[in-house]
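final-v6.cif (mmCIF, C-alpha atoms) appears below.
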```cif
data_data
#
loop_
_atom_site.group_PDB
_atom_site.id
_atom_site.type_symbol
_atom_site.label_atom_id
_atom_site.label_comp_id
_atom_site.auth_asym_id
_atom_site.auth_seq_id
_atom_site.Cartn_x
_atom_site.Cartn_y
_atom_site.Cartn_z
ATOM 1 C CA ARG Y 1 6.392 2.592 -18.444
ATOM 2 C CA LEU Y 2 5.361 4.095 -15.112
ATOM 3 C CA GLU Y 3 6.235 7.767 -15.408
ATOM 4 C CA HIS Y 4 3.820 9.626 -13.150
ATOM 5 C CA PRO Y 5 4.178 12.655 -10.828
ATOM 6 C CA SER Y 6 3.373 10.477 -7.787
ATOM 7 C CA ILE Y 7 5.701 7.571 -8.592
ATOM 8 C CA VAL Y 8 9.335 7.863 -7.539
ATOM 9 C CA ARG Y 9 11.521 8.766 -10.513
ATOM 10 C CA ILE Y 10 14.562 6.747 -11.516
ATOM 11 C CA LEU Y 11 17.230 9.341 -12.286
ATOM 12 C CA ALA Y 12 20.017 6.977 -13.348
ATOM 13 C CA GLN Y 13 20.854 3.313 -13.452
ATOM 14 C CA GLY Y 14 24.002 1.338 -13.976
ATOM 15 C CA THR Y 15 26.339 -1.303 -12.661
ATOM 16 C CA HIS Y 16 29.235 -0.909 -10.256
ATOM 17 C CA GLU Y 17 31.556 -3.875 -9.791
ATOM 18 C CA GLU Y 18 28.903 -6.113 -11.366
ATOM 19 C CA ILE Y 19 26.234 -4.913 -8.921
ATOM 20 C CA PRO Y 20 23.262 -3.173 -10.567
ATOM 21 C CA PHE Y 21 22.006 0.061 -9.017
ATOM 22 C CA PHE Y 22 19.373 2.778 -9.421
ATOM 23 C CA VAL Y 23 19.585 6.420 -8.395
ATOM 24 C CA LEU Y 24 16.142 7.525 -7.266
ATOM 25 C CA GLN Y 25 14.525 10.897 -6.737
ATOM 26 C CA TYR Y 26 15.128 12.281 -3.233
ATOM 27 C CA LEU Y 27 11.951 12.546 -1.151
ATOM 28 C CA GLY Y 28 12.809 14.569 1.958
ATOM 29 C CA GLY Y 29 9.504 14.337 3.805
ATOM 30 C CA GLY Y 30 9.961 10.769 5.066
ATOM 31 C CA SER Y 31 7.508 7.892 4.778
ATOM 32 C CA LEU Y 32 3.957 7.577 6.050
ATOM 33 C CA GLU Y 33 5.354 4.861 8.312
ATOM 34 C CA SER Y 34 7.735 7.361 9.931
ATOM 35 C CA ARG Y 35 4.826 9.815 10.313
ATOM 36 C CA LEU Y 36 2.742 7.133 12.039
ATOM 37 C CA ARG Y 37 5.626 6.312 14.364
ATOM 38 C CA ALA Y 38 6.173 10.003 15.166
ATOM 39 C CA ALA Y 39 2.475 10.335 15.990
ATOM 40 C CA GLY Y 40 2.886 7.464 18.452
ATOM 41 C CA GLY Y 41 0.470 5.343 16.445
ATOM 42 C CA GLY Y 42 -2.300 7.849 17.044
ATOM 43 C CA PRO Y 43 -4.738 8.989 14.380
ATOM 44 C CA ARG Y 44 -3.756 11.536 11.758
ATOM 45 C CA ASP Y 45 -5.638 14.698 10.886
ATOM 46 C CA LEU Y 46 -8.449 14.022 8.410
ATOM 47 C CA ASP Y 47 -7.481 17.098 6.365
ATOM 48 C CA ALA Y 48 -4.023 15.600 5.722
ATOM 49 C CA VAL Y 49 -5.155 12.004 5.178
ATOM 50 C CA VAL Y 50 -7.837 12.585 2.524
ATOM 51 C CA PRO Y 51 -5.485 14.234 -0.038
ATOM 52 C CA TRP Y 52 -2.886 11.524 0.620
ATOM 53 C CA LEU Y 53 -5.459 8.808 0.001
ATOM 54 C CA ARG Y 54 -6.710 10.518 -3.149
ATOM 55 C CA THR Y 55 -3.164 10.716 -4.534
ATOM 56 C CA ILE Y 56 -2.402 7.095 -3.597
ATOM 57 C CA THR Y 57 -5.576 5.779 -5.248
ATOM 58 C CA ASP Y 58 -5.150 7.981 -8.347
ATOM 59 C CA THR Y 59 -1.581 6.697 -8.668
ATOM 60 C CA LEU Y 60 -2.725 3.092 -8.258
ATOM 61 C CA ASP Y 61 -5.374 3.693 -10.916
ATOM 62 C CA PHE Y 62 -2.593 4.831 -13.267
ATOM 63 C CA VAL Y 63 -0.415 1.803 -12.366
ATOM 64 C CA HIS Y 64 -3.292 -0.659 -12.801
ATOM 65 C CA GLY Y 65 -4.213 0.978 -16.113
ATOM 66 C CA ARG Y 66 -0.724 -0.005 -17.311
ATOM 67 C CA GLY Y 67 -1.345 -3.624 -16.269
ATOM 68 C CA VAL Y 68 0.899 -3.534 -13.183
ATOM 69 C CA VAL Y 69 0.092 -4.670 -9.618
ATOM 70 C CA HIS Y 70 2.379 -3.128 -6.959
ATOM 71 C CA ARG Y 71 1.839 -5.939 -4.379
ATOM 72 C CA ASP Y 72 3.472 -4.073 -1.480
ATOM 73 C CA VAL Y 73 1.444 -0.914 -0.877
ATOM 74 C CA LYS Y 74 2.114 0.033 2.747
ATOM 75 C CA PRO Y 75 3.056 3.152 4.754
ATOM 76 C CA ALA Y 76 6.790 2.396 4.349
ATOM 77 C CA ASN Y 77 6.356 2.550 0.559
ATOM 78 C CA VAL Y 78 4.539 5.880 0.492
ATOM 79 C CA PHE Y 79 6.923 8.826 0.869
ATOM 80 C CA LEU Y 80 6.322 12.540 1.107
ATOM 81 C CA ASP Y 81 8.383 15.152 -0.660
ATOM 82 C CA ALA Y 82 9.480 18.367 1.075
ATOM 83 C CA GLY Y 83 6.123 19.961 0.161
ATOM 84 C CA GLY Y 84 4.079 17.129 1.704
ATOM 85 C CA GLU Y 85 2.968 15.497 -1.565
ATOM 86 C CA VAL Y 86 2.868 11.684 -1.450
ATOM 87 C CA THR Y 87 4.858 9.482 -3.807
ATOM 88 C CA LEU Y 88 4.602 5.715 -4.260
ATOM 89 C CA VAL Y 89 7.955 3.910 -4.105
ATOM 90 C CA ASP Y 90 9.435 0.392 -4.215
ATOM 91 C CA PHE Y 91 8.120 -1.505 -7.201
ATOM 92 C CA GLY Y 92 10.588 -4.305 -6.417
ATOM 93 C CA ILE Y 93 7.921 -7.028 -6.216
ATOM 94 C CA ALA Y 94 5.437 -5.497 -8.658
ATOM 95 C CA LYS Y 95 4.150 -7.745 -11.414
ATOM 96 C CA LEU Y 96 2.260 -7.475 -14.634
ATOM 97 C CA ALA Y 97 -1.351 -8.340 -13.853
ATOM 98 C CA ASP Y 98 -1.581 -10.907 -16.663
ATOM 99 C CA SER Y 99 1.795 -12.570 -16.057
ATOM 100 C CA ASN Y 100 2.714 -15.694 -14.119
ATOM 101 C CA MET Y 101 6.009 -14.335 -12.804
ATOM 102 C CA THR Y 102 5.353 -15.693 -9.313
ATOM 103 C CA ARG Y 103 4.760 -19.378 -8.720
ATOM 104 C CA THR Y 104 1.372 -20.317 -7.337
ATOM 105 C CA GLY Y 105 1.732 -20.801 -3.589
ATOM 106 C CA THR Y 106 4.391 -18.087 -3.212
ATOM 107 C CA VAL Y 107 3.322 -15.357 -0.796
ATOM 108 C CA VAL Y 108 4.837 -11.968 -1.649
ATOM 109 C CA GLY Y 109 4.263 -8.710 0.237
ATOM 110 C CA THR Y 110 3.962 -7.379 3.776
ATOM 111 C CA VAL Y 111 1.464 -9.460 5.748
ATOM 112 C CA HIS Y 112 -0.518 -6.725 7.547
ATOM 113 C CA TYR Y 113 -1.274 -5.027 4.207
ATOM 114 C CA MET Y 114 -2.028 -8.122 2.120
ATOM 115 C CA ALA Y 115 -5.421 -8.790 0.584
ATOM 116 C CA PRO Y 116 -6.945 -12.248 1.178
ATOM 117 C CA GLU Y 117 -6.132 -13.363 -2.378
ATOM 118 C CA GLN Y 118 -2.529 -12.294 -1.852
ATOM 119 C CA VAL Y 119 -2.285 -14.251 1.404
ATOM 120 C CA ARG Y 120 -3.675 -17.281 -0.443
ATOM 121 C CA ALA Y 121 -0.947 -16.742 -3.094
ATOM 122 C CA SER Y 122 -3.617 -16.697 -5.779
ATOM 123 C CA ARG Y 123 -2.548 -16.467 -9.383
ATOM 124 C CA ALA Y 124 -5.559 -14.227 -10.065
ATOM 125 C CA LEU Y 125 -4.038 -11.277 -8.207
ATOM 126 C CA ASP Y 126 -4.971 -7.915 -9.712
ATOM 127 C CA GLY Y 127 -5.194 -4.256 -8.741
ATOM 128 C CA ARG Y 128 -7.923 -4.905 -6.191
ATOM 129 C CA ALA Y 129 -5.221 -6.292 -3.880
ATOM 130 C CA ASP Y 130 -3.474 -2.906 -3.967
ATOM 131 C CA LEU Y 131 -6.760 -1.156 -3.181
ATOM 132 C CA TRP Y 132 -7.193 -3.437 -0.152
ATOM 133 C CA SER Y 133 -3.737 -2.334 0.989
ATOM 134 C CA ALA Y 134 -4.663 1.329 0.468
ATOM 135 C CA ALA Y 135 -7.745 0.777 2.649
ATOM 136 C CA VAL Y 136 -5.536 -0.733 5.370
ATOM 137 C CA ILE Y 137 -3.304 2.363 5.188
ATOM 138 C CA LEU Y 138 -6.384 4.601 5.446
ATOM 139 C CA TYR Y 139 -7.616 2.664 8.481
ATOM 140 C CA GLU Y 140 -4.233 2.915 10.153
ATOM 141 C CA LEU Y 141 -3.855 6.634 9.428
ATOM 142 C CA LEU Y 142 -7.357 7.494 10.622
ATOM 143 C CA LEU Y 143 -7.620 5.223 13.652
ATOM 144 C CA GLY Y 144 -3.968 4.900 14.673
ATOM 145 C CA ARG Y 145 -3.895 1.095 14.570
ATOM 146 C CA LYS Y 146 -3.903 -1.746 12.077
ATOM 147 C CA PRO Y 147 -7.268 -3.401 11.324
ATOM 148 C CA VAL Y 148 -5.714 -6.832 11.928
ATOM 149 C CA PRO Y 149 -3.160 -6.354 14.714
ATOM 150 C CA GLY Y 150 -0.676 -8.885 15.970
ATOM 151 C CA ASP Y 151 2.902 -10.035 15.802
ATOM 152 C CA ASP Y 152 2.157 -13.678 14.997
ATOM 153 C CA LEU Y 153 2.137 -13.484 11.197
ATOM 154 C CA THR Y 154 0.363 -16.815 10.809
ATOM 155 C CA SER Y 155 -2.598 -15.684 12.915
ATOM 156 C CA VAL Y 156 -2.672 -12.330 11.087
ATOM 157 C CA MET Y 157 -2.784 -14.186 7.749
ATOM 158 C CA TYR Y 158 -5.552 -16.456 9.052
ATOM 159 C CA ARG Y 159 -7.646 -13.483 10.212
ATOM 160 C CA ILE Y 160 -7.170 -11.695 6.876
ATOM 161 C CA VAL Y 161 -8.427 -14.745 4.972
ATOM 162 C CA ASP Y 162 -11.105 -16.022 7.352
ATOM 163 C CA GLY Y 163 -12.093 -12.894 9.275
ATOM 164 C CA PRO Y 164 -13.740 -11.603 11.155
ATOM 165 C CA LEU Y 165 -13.282 -8.445 9.134
ATOM 166 C CA LEU Y 166 -14.392 -5.266 10.703
ATOM 167 C CA GLY Y 167 -18.031 -4.338 10.349
ATOM 168 C CA ALA Y 168 -19.740 -0.983 10.000
ATOM 169 C CA SER Y 169 -20.737 -0.963 13.677
ATOM 170 C CA ARG Y 170 -17.057 -0.836 14.723
ATOM 171 C CA LEU Y 171 -16.525 2.309 12.643
ATOM 172 C CA GLU Y 172 -19.765 3.984 13.676
ATOM 173 C CA GLY Y 173 -19.013 7.260 15.372
ATOM 174 C CA LEU Y 174 -15.271 6.973 14.775
ATOM 175 C CA LEU Y 175 -15.257 8.343 11.216
ATOM 176 C CA PRO Y 176 -17.460 10.455 8.984
ATOM 177 C CA VAL Y 177 -20.054 8.170 7.345
ATOM 178 C CA ARG Y 178 -18.692 8.693 3.811
ATOM 179 C CA LEU Y 179 -15.135 7.752 4.840
ATOM 180 C CA ALA Y 180 -16.375 4.735 6.803
ATOM 181 C CA ARG Y 181 -18.169 3.500 3.652
ATOM 182 C CA ILE Y 182 -15.046 3.987 1.524
ATOM 183 C CA LEU Y 183 -13.000 2.124 4.101
ATOM 184 C CA LEU Y 184 -15.425 -0.779 4.329
ATOM 185 C CA ARG Y 185 -15.638 -1.043 0.548
ATOM 186 C CA GLY Y 186 -11.840 -1.173 0.342
#
```

Kindly return the structure encoded in the file as structure tokens.
Amino acid sequence: RLEHPSIVRILAQGTHEEIPFFVLQYLGGGSLESRLRAAGGGPRDLDAVVPWLRTITDTLDFVHGRGVVHRDVKPANVFLDAGGEVTLVDFGIAKLADSNMTRTGTVVGTVHYMAPEQVRASRALDGRADLWSAAVILYELLLGRKPVPGDDLTSVMYRIVDGPLLGASRLEGLLPVRLARILLRG
């Protein structure tokens, strides 16, 4: 159901010794996470980031239009091909937006990229949670750090739900006004 130029292609599937497997498209450019690490956590070039963000959000629009929520949009799940085009991978915890596949109270995803409703394990999770995650990726790519830093996952979850979230004054002068607005809206 999710055939799209910016979603990793499944080339084959099967079972070997009762273990199911998929053969996926090879993406030789590495992940955005590896690019962030290579940059030493520093900011990325705006000219590279904007097309990546556009492709990620267009792909999420396609996914959401098919009634699917990815639930784990993060730099490790965005890969680049050899030509530098981004591809969304790892739909392992995706769910249909109108399904109850996950019990209420079950937190699924990667904490630093979770939307407040995802942290709360809300049943009403929809594509907006993925857009929140895309905004976190944008923040991290542009500013070289996570908007809610920390290694204590409980405190990170608390700050995501109860703030303080970053305000416009913290972005003033760091980003072009239009990008700062997009980021704050996300």

Residues returned when the PyMOL selection byres ((chain Y and resi 126) around 9) runs on this file, as a ChimeraX atom specification:
/Y:64,67-69,71,96-98,123-125,127-130

Would you kindly return, as a short mmCIF file (atom, residue, chain, number, x, y, z; two decimals) with C-alpha atoms, keeping the file's coordinate frame, each protein, DNA or RNA residue with an atom no farther than 12 Å from any atom of Y:Ile10, considering all atoms listed in the file and excluding same-chain residues fewer than 6 positions away?
```cif
data_model
loop_
_atom_site.label_atom_id
_atom_site.label_comp_id
_atom_site.auth_asym_id
_atom_site.auth_seq_id
_atom_site.Cartn_x
_atom_site.Cartn_y
_atom_site.Cartn_z
CA ARG Y 1 6.39 2.59 -18.44
CA LEU Y 2 5.36 4.10 -15.11
CA GLU Y 3 6.24 7.77 -15.41
CA HIS Y 4 3.82 9.63 -13.15
CA PHE Y 21 22.01 0.06 -9.02
CA PHE Y 22 19.37 2.78 -9.42
CA VAL Y 23 19.58 6.42 -8.40
CA LEU Y 24 16.14 7.52 -7.27
CA GLN Y 25 14.52 10.90 -6.74
CA TYR Y 26 15.13 12.28 -3.23
CA VAL Y 89 7.96 3.91 -4.11
CA ASP Y 90 9.44 0.39 -4.22
CA PHE Y 91 8.12 -1.50 -7.20
#
```

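For the atom pair formed by atom CA of Y:Val86 and atom CA of Y:Thr55, the distance is 6.8 Å, given to one decimal.
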
Since I can't run it myself right now, could you work out what the PyMOL selection byres ((chain Y and resi 179) around 12) selects here and report it as a PDB file with C-alpha atoms, in the frame of the given file?
```
ATOM      1  CA  LEU Y  46      -8.449  14.022   8.410  1.00  0.00           C
ATOM      2  CA  VAL Y  49      -5.155  12.004   5.178  1.00  0.00           C
ATOM      3  CA  VAL Y  50      -7.837  12.585   2.524  1.00  0.00           C
ATOM      4  CA  LEU Y  53      -5.459   8.808   0.001  1.00  0.00           C
ATOM      5  CA  ARG Y  54      -6.710  10.518  -3.149  1.00  0.00           C
ATOM      6  CA  ALA Y 135      -7.745   0.777   2.649  1.00  0.00           C
ATOM      7  CA  LEU Y 138      -6.384   4.601   5.446  1.00  0.00           C
ATOM      8  CA  TYR Y 139      -7.616   2.664   8.481  1.00  0.00           C
ATOM      9  CA  LEU Y 142      -7.357   7.494  10.622  1.00  0.00           C
ATOM     10  CA  LEU Y 143      -7.620   5.223  13.652  1.00  0.00           C
ATOM     11  CA  ALA Y 168     -19.740  -0.983  10.000  1.00  0.00           C
ATOM     12  CA  LEU Y 171     -16.525   2.309  12.643  1.00  0.00           C
ATOM     13  CA  GLU Y 172     -19.765   3.984  13.676  1.00  0.00           C
ATOM     14  CA  GLY Y 173     -19.013   7.260  15.372  1.00  0.00           C
ATOM     15  CA  LEU Y 174     -15.271   6.973  14.775  1.00  0.00           C
ATOM     16  CA  LEU Y 175     -15.257   8.343  11.216  1.00  0.00           C
ATOM     17  CA  PRO Y 176     -17.460  10.455   8.984  1.00  0.00           C
ATOM     18  CA  VAL Y 177     -20.054   8.170   7.345  1.00  0.00           C
ATOM     19  CA  ARG Y 178     -18.692   8.693   3.811  1.00  0.00           C
ATOM     20  CA  ALA Y 180     -16.375   4.735   6.803  1.00  0.00           C
ATOM     21  CA  ARG Y 181     -18.169   3.500   3.652  1.00  0.00           C
ATOM     22  CA  ILE Y 182     -15.046   3.987   1.524  1.00  0.00           C
ATOM     23  CA  LEU Y 183     -13.000   2.124   4.101  1.00  0.00           C
ATOM     24  CA  LEU Y 184     -15.425  -0.779   4.329  1.00  0.00           C
ATOM     25  CA  ARG Y 185     -15.638  -1.043   0.548  1.00  0.00           C
ATOM     26  CA  GLY Y 186     -11.840  -1.173   0.342  1.00  0.00           C
TER      27      GLY Y 186
END
```

With distances taken over only C-alpha atoms, the candidate from Y:Thr57, Y:Ser31, Y:Gln118, Y:Ser133 nearest Y:Ser6 is Y:Thr57

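For the pair atom CA of Y:Ala48 and atom CA of Y:Val78, the separation is 14.0 Å.
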
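From atom CA of Y:Ala121 back to atom CA of Y:Ser34, the distance works out to 28.7 Å.
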
If you count only C-alpha atoms, the residue of Y:Asp162, Y:Asp81, Y:Glu140, Y:Glu17 closest to Y:Glu117 turns out to be Y:Asp162

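For the residues Y:Glu33, Y:Ala38, Y:His16, Y:His112, ranking by smallest atom-to-atom distance to Y:Gly150 using all atoms listed in the file places Y:His112 first.
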
Judged by all atoms listed in the file, the minimum distance to Y:Gly28 among Y:Leu141, Y:Glu85, Y:Val119, Y:Ala94 is found for Y:Glu85

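Residue nearest Y:Gly29 within the list Y:Val8, Y:Val63, Y:Ala82, Y:Leu88: Y:Ala82 [criterion: smallest interatomic distance, all atoms listed in the file].
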
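Each of Y:Phe79, Y:His70, Y:Gln13, Y:Asp58 was compared to Y:Leu32 using all atoms listed in the file, and Y:Phe79 turns out to be the nearest.
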
Test item: the PyMOL selection byres ((chain Y and resi 153-160) around 9) resolved as a PyMOL selection string: chain Y and resi 111-112+114-116+119-120+148-152+161-165

Expected axis-aligned box over every listed atom of stretch 170-184 of chain Y, 5 Å added per side, centre plus edges in Å to one decimal, as JSON:
```
{"center_x": -16.5, "center_y": 4.8, "center_z": 8.4, "size_x": 17.1, "size_y": 21.3, "size_z": 23.8}
```
